[in-house]
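Take a look at the structure below.
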Amino acid sequence: MNNIPNQRGQSKSSEGFFYRLLAVPELGVIVALVSCAAIFQSFNSVFLSTEVMGSIVQAVTFVSIIAVGQAFLLISGVFDLSVGAVAGLVAVSSGKLMTSMGWPVWGGIIGGLAFGAALGAVNGFMVTRAGVPAFIQTLGMLFVAQGLIQVVSKGYPVYPLPEVMTTIGDSSFFFGLGWNALIWVVVSIIGDFIIRKTSIGRNLYVIGGNPEVAKIVGINVQKYQMNCFILAGSLSGLSGILVMAALSAGAPSIGGGWELTVIAGTVVGGVSLFGGVGTIAGAIMGVLLIQCVQSGLITSGLSPNFQLIAVGSILVLAVFLDVFRRGYRNRMRDSEKIETPFSPLEKGGSK
């Protein structure tokens, strides 16, 4: 009989340990990332080489910058489907300012970033003030931006860019990585610090977890979400400008299809579609996992068509695991509320 309390204690201890593991948003993506790297390395011994790893990081930098802004949005309970199209539109617009309009490089960059922020502000206003669902508003902005890309560029790449932009795009500090990687690291560190260590991050978690409670405690939900949309638009513009510099031209194809990769990466990295859960570090690792799978499929000799299949499958699995994790955590909380801290004898005292 004496073993029964011990068994119950061990059972609760194991459940508590499992609960704490599920509470770590980055856990799943870390395990998946290591597993994928090991699997693809077994298929092709060059997968973990410096060249392949450098190319993966190089490809990740542009999308990951946008993923930082998308993570802020998702944590606050909304999202943006237009980030890729905004990146492309800012790229060709900034290129036009530097070429046809004769603006200096710094003016073209600032103008492009301001344009991206303005597009984000439009999304934010329509969602937070006008009440348009984020899905409809940002999907509409995606189509508008894609159309404006063709209007601005007339379907042709914008070039020749000033030599300074080409120098930025061709820079290489370490392992073939240059200014784009450095900017990515700085943006990621600042974003992760804000989410983890500041009152802004704590308020965003409250807003995403329960916006009504956030309003009751005095948090301006509309202001926070509006600023998150502006941040996402600005970072999308920054990423588009960096790609333009890397290509030495404002190509109309910049940002095409990034919406799926950004959202898939952030969700795979533990940022919940339902809001209130996730970290910037997790979002970055999620994007890295997506790129790892895509590069692994290529190095394994499989058709590129399998890349979209893999990304879509990973996204569905990530959302399923997110739903499962949230459901399990809610059940654990409910069970803790039902249990009483005292036994009937203890309640009755020593009578």
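Note on naming: chains are A, B, ... as they come in the structure tokens, residues start from 1 per chain, ligands start from 1 in the order shown.
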
- Near stretch 82-96 of chain A, counting only C-alpha atoms, which residues have an atom at most 8 Å away, once you skip same-chain residues fewer than 6 positions from it, shown as an NGL selection string? :A and (66 or 108-109 or 111-113 or 115-116 or 119 or 138-139 or 141-143 or 145-146 or 148-149 or 152-153 or 157-159 or 161 or 232-233 or 236-241 or 243-244 or 249-259)

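The neighbours of A:Met226 here are the residues that come within 9 Å of it, using only C-alpha atoms and leaving out any residue fewer than 2 positions away in the same chain; they are A:Gly120, A:Ala121, A:Asn123, A:Gly124, A:Phe125, A:Val127, A:Thr128, A:Val221, A:Gln222, A:Lys223, A:Tyr224, A:Cys228, A:Phe229, A:Ile230, A:Leu231.
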
Those residues with N, CA, C and O atoms, as an mmCIF file, in the first residue's frame please?
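New file out-v6.cif:
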data_model
loop_
_atom_site.group_PDB
_atom_site.id
_atom_site.type_symbol
_atom_site.label_atom_id
_atom_site.label_comp_id
_atom_site.auth_asym_id
_atom_site.auth_seq_id
_atom_site.Cartn_x
_atom_site.Cartn_y
_atom_site.Cartn_z
ATOM 1 N N GLY A 120 2.618 48.329 -44.485
ATOM 2 C CA GLY A 120 2.272 47.656 -43.242
ATOM 3 C C GLY A 120 1.249 48.443 -42.440
ATOM 4 O O GLY A 120 0.353 47.862 -41.822
ATOM 5 N N ALA A 121 1.377 49.783 -42.453
ATOM 6 C CA ALA A 121 0.420 50.625 -41.737
ATOM 7 C C ALA A 121 -0.976 50.509 -42.338
ATOM 8 O O ALA A 121 -1.981 50.526 -41.609
ATOM 9 N N ASN A 123 -2.186 47.842 -43.849
ATOM 10 C CA ASN A 123 -2.700 46.564 -43.347
ATOM 11 C C ASN A 123 -3.164 46.687 -41.899
ATOM 12 O O ASN A 123 -4.240 46.208 -41.526
ATOM 13 N N GLY A 124 -2.332 47.335 -41.078
ATOM 14 C CA GLY A 124 -2.666 47.476 -39.670
ATOM 15 C C GLY A 124 -3.928 48.287 -39.445
ATOM 16 O O GLY A 124 -4.764 47.933 -38.609
ATOM 17 N N PHE A 125 -4.086 49.373 -40.194
ATOM 18 C CA PHE A 125 -5.279 50.210 -40.041
ATOM 19 C C PHE A 125 -6.540 49.444 -40.424
ATOM 20 O O PHE A 125 -7.557 49.479 -39.713
ATOM 21 N N VAL A 127 -7.054 46.271 -40.464
ATOM 22 C CA VAL A 127 -7.339 45.145 -39.569
ATOM 23 C C VAL A 127 -7.776 45.624 -38.192
ATOM 24 O O VAL A 127 -8.787 45.166 -37.643
ATOM 25 N N THR A 128 -7.023 46.559 -37.616
ATOM 26 C CA THR A 128 -7.286 46.961 -36.231
ATOM 27 C C THR A 128 -8.363 48.028 -36.105
ATOM 28 O O THR A 128 -9.090 48.059 -35.105
ATOM 29 N N VAL A 221 -4.541 47.172 -27.380
ATOM 30 C CA VAL A 221 -4.382 46.059 -28.319
ATOM 31 C C VAL A 221 -4.207 46.577 -29.749
ATOM 32 O O VAL A 221 -3.332 46.113 -30.490
ATOM 33 N N GLN A 222 -5.015 47.531 -30.149
ATOM 34 C CA GLN A 222 -4.941 48.059 -31.510
ATOM 35 C C GLN A 222 -3.586 48.692 -31.795
ATOM 36 O O GLN A 222 -3.007 48.489 -32.876
ATOM 37 N N LYS A 223 -3.056 49.436 -30.839
ATOM 38 C CA LYS A 223 -1.763 50.097 -31.035
ATOM 39 C C LYS A 223 -0.655 49.073 -31.199
ATOM 40 O O LYS A 223 0.200 49.212 -32.097
ATOM 41 N N TYR A 224 -0.644 48.041 -30.358
ATOM 42 C CA TYR A 224 0.398 47.031 -30.440
ATOM 43 C C TYR A 224 0.335 46.274 -31.764
ATOM 44 O O TYR A 224 1.371 46.064 -32.418
ATOM 45 N N CYS A 228 3.006 46.165 -34.931
ATOM 46 C CA CYS A 228 3.533 44.891 -35.439
ATOM 47 C C CYS A 228 3.389 44.806 -36.953
ATOM 48 O O CYS A 228 4.283 44.314 -37.650
ATOM 49 N N PHE A 229 2.272 45.296 -37.492
ATOM 50 C CA PHE A 229 2.100 45.325 -38.947
ATOM 51 C C PHE A 229 3.122 46.255 -39.596
ATOM 52 O O PHE A 229 3.689 45.942 -40.656
ATOM 53 N N ILE A 230 3.368 47.410 -38.974
ATOM 54 C CA ILE A 230 4.367 48.344 -39.509
ATOM 55 C C ILE A 230 5.752 47.706 -39.472
ATOM 56 O O ILE A 230 6.540 47.837 -40.423
ATOM 57 N N LEU A 231 6.062 47.010 -38.375
ATOM 58 C CA LEU A 231 7.353 46.321 -38.275
ATOM 59 C C LEU A 231 7.497 45.268 -39.363
ATOM 60 O O LEU A 231 8.557 45.169 -40.016
#

- So which one's closest to A:Val277, A:Met53, A:Val293, A:Ile75, A:Ile39? Using only C-alpha atoms, please. A:Ile75

- Can you work out the spacing between atom CA of A:Cys292 and atom CA of A:Ile56 in Å, to one decimal? 6.7 Å

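Remark: for A:Gly218, the closest of the candidate residues A:Gln307, A:Val206, A:Ile194, A:Thr166 is A:Val206 (distances computed over only C-alpha atoms).
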
- Any idea what's packed within 12 Å of A:Phe47, counting only C-alpha atoms, ignoring anything in its chain fewer than 5 positions away? Could you give it as a PyMOL selection string? chain A and resi 36-42+52-56+292-301
